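Peer 1: Input file: query.pdb. Contents: PDB, C-alpha atoms.
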```pdb
ATOM      1  CA  MET X1024      83.335  92.006-238.294
ATOM      2  CA  ALA X1025      80.410  90.556-240.234
ATOM      3  CA  ASP X1026      77.517  88.851-238.545
ATOM      4  CA  ALA X1027      76.096  85.421-239.356
ATOM      5  CA  ALA X1028      73.465  86.820-241.728
ATOM      6  CA  ASP X1029      76.137  88.552-243.788
ATOM      7  CA  ALA X1030      78.220  85.372-243.898
ATOM      8  CA  GLU X1031      75.245  83.499-245.358
ATOM      9  CA  ARG X1032      74.442  86.179-247.957
ATOM     10  CA  PRO X1033      76.768  86.534-250.952
ATOM     11  CA  ALA X1034      78.441  89.943-251.099
ATOM     12  CA  ASP X1035      76.729  90.854-254.374
ATOM     13  CA  GLN X1036      73.220  89.955-253.161
ATOM     14  CA  PRO X1037      71.212  92.917-251.806
ATOM     15  CA  ALA X1038      69.874  92.932-248.286
ATOM     16  CA  ASP X1039      66.291  92.001-247.558
ATOM     17  CA  GLY X1040      65.296  95.546-246.608
ATOM     18  CA  PRO X1041      64.946  97.660-243.499
ATOM     19  CA  SER X1042      63.057  95.072-241.467
ATOM     20  CA  ALA X1043      65.613  92.368-242.203
ATOM     21  CA  ALA X1044      68.530  94.672-241.464
ATOM     22  CA  ALA X1045      66.961  95.754-238.201
ATOM     23  CA  ALA X1046      66.296  92.171-237.148
ATOM     24  CA  ARG X1047      69.893  91.066-237.569
ATOM     25  CA  PRO X1048      71.974  90.810-234.400
ATOM     26  CA  ARG X1049      74.630  93.387-235.217
ATOM     27  CA  ARG X1050      77.376  94.632-232.981
ATOM     28  CA  GLN X1051      76.510  98.174-234.071
ATOM     29  CA  ARG X1052      72.719  97.981-234.134
ATOM     30  CA  ALA X1053      71.865  98.908-230.565
ATOM     31  CA  ALA X1054      74.280 101.201-228.867
ATOM     32  CA  ARG X1055      75.171 100.370-225.336
ATOM     33  CA  GLY X1056      74.198 103.275-223.116
ATOM     34  CA  GLY X1057      71.646 105.112-225.230
ATOM     35  CA  ALA X1058      71.698 107.920-227.759
ATOM     36  CA  HIS X1059      75.009 109.433-226.643
ATOM     37  CA  ALA X1060      76.734 106.067-226.862
ATOM     38  CA  ALA X1061      75.253 105.551-230.335
ATOM     39  CA  VAL X1062      76.788 108.723-231.751
ATOM     40  CA  GLN X1063      80.088 107.991-230.003
ATOM     41  CA  GLU X1064      80.115 104.479-231.512
ATOM     42  CA  SER X1065      79.248 105.919-234.914
ATOM     43  CA  PHE X1066      82.076 108.459-234.699
ATOM     44  CA  THR X1067      84.531 105.752-233.636
ATOM     45  CA  ASP X1068      83.405 103.444-236.437
ATOM     46  CA  ALA X1069      83.794 106.260-238.982
ATOM     47  CA  LYS X1070      87.339 106.928-237.826
ATOM     48  CA  ILE X1071      88.476 103.316-237.584
ATOM     49  CA  HIS X1072      86.597 101.873-240.572
ATOM     50  CA  SER X1073      86.312 104.950-242.799
ATOM     51  CA  SER X1074      86.727 102.971-246.008
ATOM     52  CA  ALA X1075      83.501 101.066-245.244
ATOM     53  CA  TRP X1076      81.475 104.282-245.001
ATOM     54  CA  GLN X1077      79.609 105.440-248.121
ATOM     55  CA  SER X1078      77.785 108.562-249.224
ATOM     56  CA  PHE X1079      74.033 108.416-249.604
ATOM     57  CA  GLY X1080      71.655 111.104-250.848
ATOM     58  CA  PHE X1081      69.236 112.016-248.057
ATOM     59  CA  ARG X1082      66.215 114.265-247.998
ATOM     60  CA  ILE X1083      65.375 115.412-244.486
ATOM     61  CA  SER X1084      62.552 117.710-243.465
ATOM     62  CA  PRO X1085      63.988 121.261-243.197
ATOM     63  CA  ASP X1086      62.942 121.718-239.561
ATOM     64  CA  VAL X1087      64.499 118.395-238.524
ATOM     65  CA  LEU X1088      67.656 119.128-240.506
ATOM     66  CA  GLY X1089      67.902 122.488-238.726
ATOM     67  CA  GLN X1090      67.528 120.767-235.343
ATOM     68  CA  LEU X1091      70.149 118.208-236.355
ATOM     69  CA  LYS X1092      72.648 120.892-237.378
ATOM     70  CA  ASP X1093      72.037 122.735-234.108
ATOM     71  CA  ARG X1094      72.595 119.530-232.131
ATOM     72  CA  VAL X1095      75.841 118.736-233.968
ATOM     73  CA  ASN X1096      77.150 122.242-233.256
ATOM     74  CA  THR X1097      76.129 122.052-229.596
ATOM     75  CA  ASP X1098      77.749 118.641-229.187
ATOM     76  CA  ARG X1099      80.943 119.872-230.822
ATOM     77  CA  ARG X1100      81.165 122.505-228.099
ATOM     78  CA  THR X1101      80.209 120.339-225.116
ATOM     79  CA  SER X1102      82.345 117.354-226.132
ATOM     80  CA  GLY X1103      85.279 119.310-227.511
ATOM     81  CA  ASN X1104      85.101 117.174-230.661
ATOM     82  CA  SER X1105      85.043 119.483-233.682
ATOM     83  CA  GLN X1106      85.054 116.479-236.037
ATOM     84  CA  LEU X1107      81.475 115.408-235.236
ATOM     85  CA  ALA X1108      79.403 115.512-238.413
ATOM     86  CA  ILE X1109      75.801 115.100-239.528
ATOM     87  CA  GLY X1110      76.660 111.702-240.992
ATOM     88  CA  HIS X1111      77.606 110.372-237.542
ATOM     89  CA  TYR X1112      74.163 111.307-236.210
ATOM     90  CA  LEU X1113      72.330 109.912-239.235
ATOM     91  CA  ASP X1114      74.284 106.692-238.906
ATOM     92  CA  ALA X1115      73.512 106.446-235.183
ATOM     93  CA  ALA X1116      69.804 107.127-235.748
ATOM     94  CA  LEU X1117      69.455 104.652-238.615
ATOM     95  CA  ARG X1118      71.166 101.882-236.660
ATOM     96  CA  GLN X1119      68.292 102.045-234.177
ATOM     97  CA  VAL X1120      65.231 102.042-236.425
ATOM     98  CA  PRO X1121      62.214  99.889-235.582
ATOM     99  CA  GLY X1122      62.329  96.431-237.107
ATOM    100  CA  GLU X1123      58.935  96.440-238.810
ATOM    101  CA  VAL X1124      57.993  98.544-241.820
ATOM    102  CA  SER X1125      54.524  99.023-240.295
ATOM    103  CA  GLU X1126      56.157 100.750-237.295
ATOM    104  CA  LEU X1127      58.058 103.032-239.655
ATOM    105  CA  ILE X1128      54.868 103.892-241.519
ATOM    106  CA  ASP X1129      53.098 104.745-238.247
ATOM    107  CA  LEU X1130      56.053 106.884-237.152
ATOM    108  CA  ALA X1131      56.157 108.670-240.519
ATOM    109  CA  THR X1132      52.389 109.202-240.583
ATOM    110  CA  ASP X1133      52.431 110.795-237.121
ATOM    111  CA  PHE X1134      55.368 112.948-238.212
ATOM    112  CA  ALA X1135      53.522 114.051-241.370
ATOM    113  CA  MET X1136      50.312 114.856-239.497
ATOM    114  CA  GLU X1137      52.214 117.261-237.222
ATOM    115  CA  ARG X1138      53.520 119.088-240.308
ATOM    116  CA  ILE X1139      50.518 118.907-242.616
ATOM    117  CA  TRP X1140      50.599 122.674-243.247
ATOM    118  CA  ASP X1141      54.372 122.983-243.675
ATOM    119  CA  THR X1142      55.233 124.006-247.213
ATOM    120  CA  GLU X1143      59.024 124.205-247.078
ATOM    121  CA  LYS X1144      60.579 121.563-249.348
ATOM    122  CA  SER X1145      63.450 119.290-248.389
ATOM    123  CA  GLN X1146      66.665 119.552-250.363
ATOM    124  CA  PRO X1147      68.860 116.561-251.189
ATOM    125  CA  SER X1148      72.220 116.334-249.444
ATOM    126  CA  SER X1149      74.723 113.512-249.333
ATOM    127  CA  TYR X1150      76.143 112.284-246.056
ATOM    128  CA  ARG X1151      78.498 109.420-245.305
ATOM    129  CA  VAL X1152      77.086 106.596-243.186
ATOM    130  CA  GLY X1153      78.363 103.204-242.100
ATOM    131  CA  PRO X1154      77.491  99.880-243.719
ATOM    132  CA  THR X1155      74.536  99.076-241.453
ATOM    133  CA  ALA X1156      72.834 102.422-242.014
ATOM    134  CA  TYR X1157      73.688 102.407-245.730
ATOM    135  CA  GLU X1158      72.207  98.953-246.206
ATOM    136  CA  TRP X1159      69.049  99.980-244.404
ATOM    137  CA  VAL X1160      68.493 103.318-246.139
ATOM    138  CA  SER X1161      69.385 102.033-249.606
ATOM    139  CA  SER X1162      66.600  99.440-249.396
ATOM    140  CA  LEU X1163      64.061 101.733-247.698
ATOM    141  CA  ASN X1164      62.228 102.913-250.829
ATOM    142  CA  LEU X1165      61.632  99.391-252.093
ATOM    143  CA  SER X1166      60.349  98.295-248.683
ATOM    144  CA  LEU X1167      57.989 101.280-248.584
ATOM    145  CA  GLN X1168      56.750 100.547-252.116
ATOM    146  CA  GLU X1169      56.021  96.958-251.127
ATOM    147  CA  ALA X1170      54.024  98.280-248.160
ATOM    148  CA  ASP X1171      52.041 100.684-250.394
ATOM    149  CA  PHE X1172      53.722 103.707-248.796
ATOM    150  CA  ALA X1173      55.814 104.734-251.802
ATOM    151  CA  ARG X1174      57.592 108.083-252.097
ATOM    152  CA  LYS X1175      57.530 108.672-248.356
ATOM    153  CA  GLY X1176      61.184 107.964-247.528
ATOM    154  CA  THR X1177      61.774 111.578-246.520
ATOM    155  CA  LEU X1178      59.041 111.295-243.915
ATOM    156  CA  VAL X1179      60.439 108.040-242.552
ATOM    157  CA  VAL X1180      64.028 109.267-242.308
ATOM    158  CA  SER X1181      62.945 112.608-240.849
ATOM    159  CA  ALA X1182      60.775 110.915-238.226
ATOM    160  CA  VAL X1183      63.573 108.517-237.255
ATOM    161  CA  VAL X1184      66.055 111.389-236.956
ATOM    162  CA  GLU X1185      63.593 113.485-234.949
ATOM    163  CA  ARG X1186      63.043 110.608-232.529
ATOM    164  CA  TYR X1187      66.804 110.166-232.174
ATOM    165  CA  LEU X1188      67.257 113.896-231.511
ATOM    166  CA  GLN X1189      64.620 113.656-228.772
ATOM    167  CA  ALA X1190      66.561 110.785-227.192
ATOM    168  CA  LEU X1191      69.754 112.851-227.329
ATOM    169  CA  GLU X1192      67.950 115.796-225.739
ATOM    170  CA  ALA X1193      66.689 113.581-222.926
ATOM    171  CA  GLU X1194      70.280 112.537-222.167
ATOM    172  CA  GLY X1195      71.524 116.136-222.030
ATOM    173  CA  PRO X1196      74.723 117.602-223.438
ATOM    174  CA  LEU X1197      77.164 115.224-225.102
ATOM    175  CA  GLN X1198      80.403 114.910-223.174
ATOM    176  CA  ARG X1199      83.725 113.455-224.187
ATOM    177  CA  PRO X1200      83.711 109.781-223.178
ATOM    178  CA  GLU X1201      86.111 108.607-220.528
ATOM    179  CA  ARG X1202      89.340 107.226-221.873
ATOM    180  CA  ARG X1203      89.594 103.476-221.490
ATOM    181  CA  ARG X1204      92.369 102.514-219.179
ATOM    182  CA  LYS X1205      94.530  99.546-219.967
ATOM    183  CA  SER X1206      94.515  96.778-217.401
ATOM    184  CA  PRO X1207      97.897  96.207-215.745
TER
END
```
Can you give me the file's structure in the form of structure tokens?
Peer 2:
Amino acid sequence: MADAADAERPADQPADGPSAAAARPRRQRAARGGAHAAVQESFTDAKIHSSAWQSFGFRISPDVLGQLKDRVNTDRRTSGNSQLAIGHYLDAALRQVPGEVSELIDLATDFAMERIWDTEKSQPSSYRVGPTAYEWVSSLNLSLQEADFARKGTLVVSAVVERYLQALEAEGPLQRPERRRKSP
């Protein structure tokens, strides 16, 4: 279901960038119930609307990518859902990014300062994400260039994912959600 902003924008016109995408009132943007609910909503969306999901080439800091892989594997065990994938977590994290580019730059700068001596390089990998996350990440580089923070997309995405992983950690192990019961 498209929101009002999408109805006003022609399908072939690009989005206004991360801050515009984050400001839109989307059904998917803020998960109800926190980080666990976000990944559960992402997984559900991927299963129900799989044709709307697209691959995007990501570069994620090696330490964050390692943490993400560990979290996916842990959640597969605790939830019993072996179909959870990195793309579901990326999608969930990117749906919840701050609305202002200046906030993203601050987040990325703090992230970079913690790793100033790290020398391991990120490697590109493609992951499937939903339309909201795809729209946001595909316009990220242009938004960062406009803010004079060019070529720092890896830092931004890594910082956003790290923050999302911290939120997941605070909520504990992922469990299988309760099955919705039909009303009589």
Peer 1: Between X:Ser1102, X:Arg1094, X:Val1062, X:Ser1073, which one has atoms that come closest to Glu1201 (chain X), using all atoms listed in the file?
Peer 2: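 Going through X:Ser1102, X:Arg1094, X:Val1062, X:Ser1073 one by one, the smallest distance to Glu1201 (chain X) is for X:Ser1102.
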Peer 1: Separation of CA of Ile1083 (chain X) and CA of Ser1181 (chain X), in Å?
Peer 2: 5.2 Å
Peer 1: Write out as a list of chain:residue names each polymer residue whose atoms come within 10 Å of region 1140-1144 of chain X, counting all atoms listed in the file; drop sequence neighbours fewer than 4 positions from it.
Peer 2: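 Result of the neighbour search: X:Arg1082, X:Ile1083, X:Ser1084, X:Pro1085, X:Asp1086, X:Ala1135, X:Met1136.
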Peer 1: Applying the PyMOL selection byres ((chain X and resi 1192) around 12) to the file I just gave you, which residues come out? Please list them as an NGL selection string.
Peer 2: :X and (1057-1059 or 1090-1091 or 1093-1095 or 1097-1098 or 1185-1191 or 1193-1197)
Peer 1: Can you give me, as a list of chain:residue names, the residues this file yields under the PyMOL selection byres ((chain X and resi 1133) around 12)?
Peer 2: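 Listing what the PyMOL selection byres ((chain X and resi 1133) around 12) selects in the shown file: X:Glu1126, X:Leu1127, X:Ile1128, X:Asp1129, X:Leu1130, X:Ala1131, X:Thr1132, X:Phe1134, X:Ala1135, X:Met1136, X:Glu1137, X:Arg1138, X:Ile1139, X:Leu1178, X:Val1179, X:Ser1181, X:Ala1182, X:Val1183, X:Glu1185, X:Arg1186.
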Peer 1: What separation in Å, quoted to one decimal, exists between CA of Ala1061 (chain X) and CA of Arg1099 (chain X)?
Peer 2: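 It comes out at 15.4 Å.
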Peer 1: Can you measure CA of Leu1167 (chain X) to CA of Val1120 (chain X) for me? One decimal in Å is fine.
Peer 2: 14.2 Å
Peer 1: Quick one: which residues end up in the PyMOL selection byres ((chain X and resi 1063) around 10) for this structure, as a VMD selection string?
Peer 2: chain X and resid 1054 1058 to 1062 1064 to 1069 1107 1111 to 1112 1115 1197 to 1200
Peer 1: For Glu1169 (chain X), work out the shell of residues within 10 Å, counting only C-alpha atoms and skipping chain neighbours fewer than 5 positions away, then give it as number ranges by chain.
Peer 2: X: 1124, 1163-1164
Peer 1: Report as a PyMOL selection string all protein, DNA and RNA residues lying within 6 Å of Arg1151 (chain X), evaluated on all atoms listed in the file, omitting residues in the same chain fewer than 5 positions from it.
Peer 2: chain X and resi 1076-1078+1110
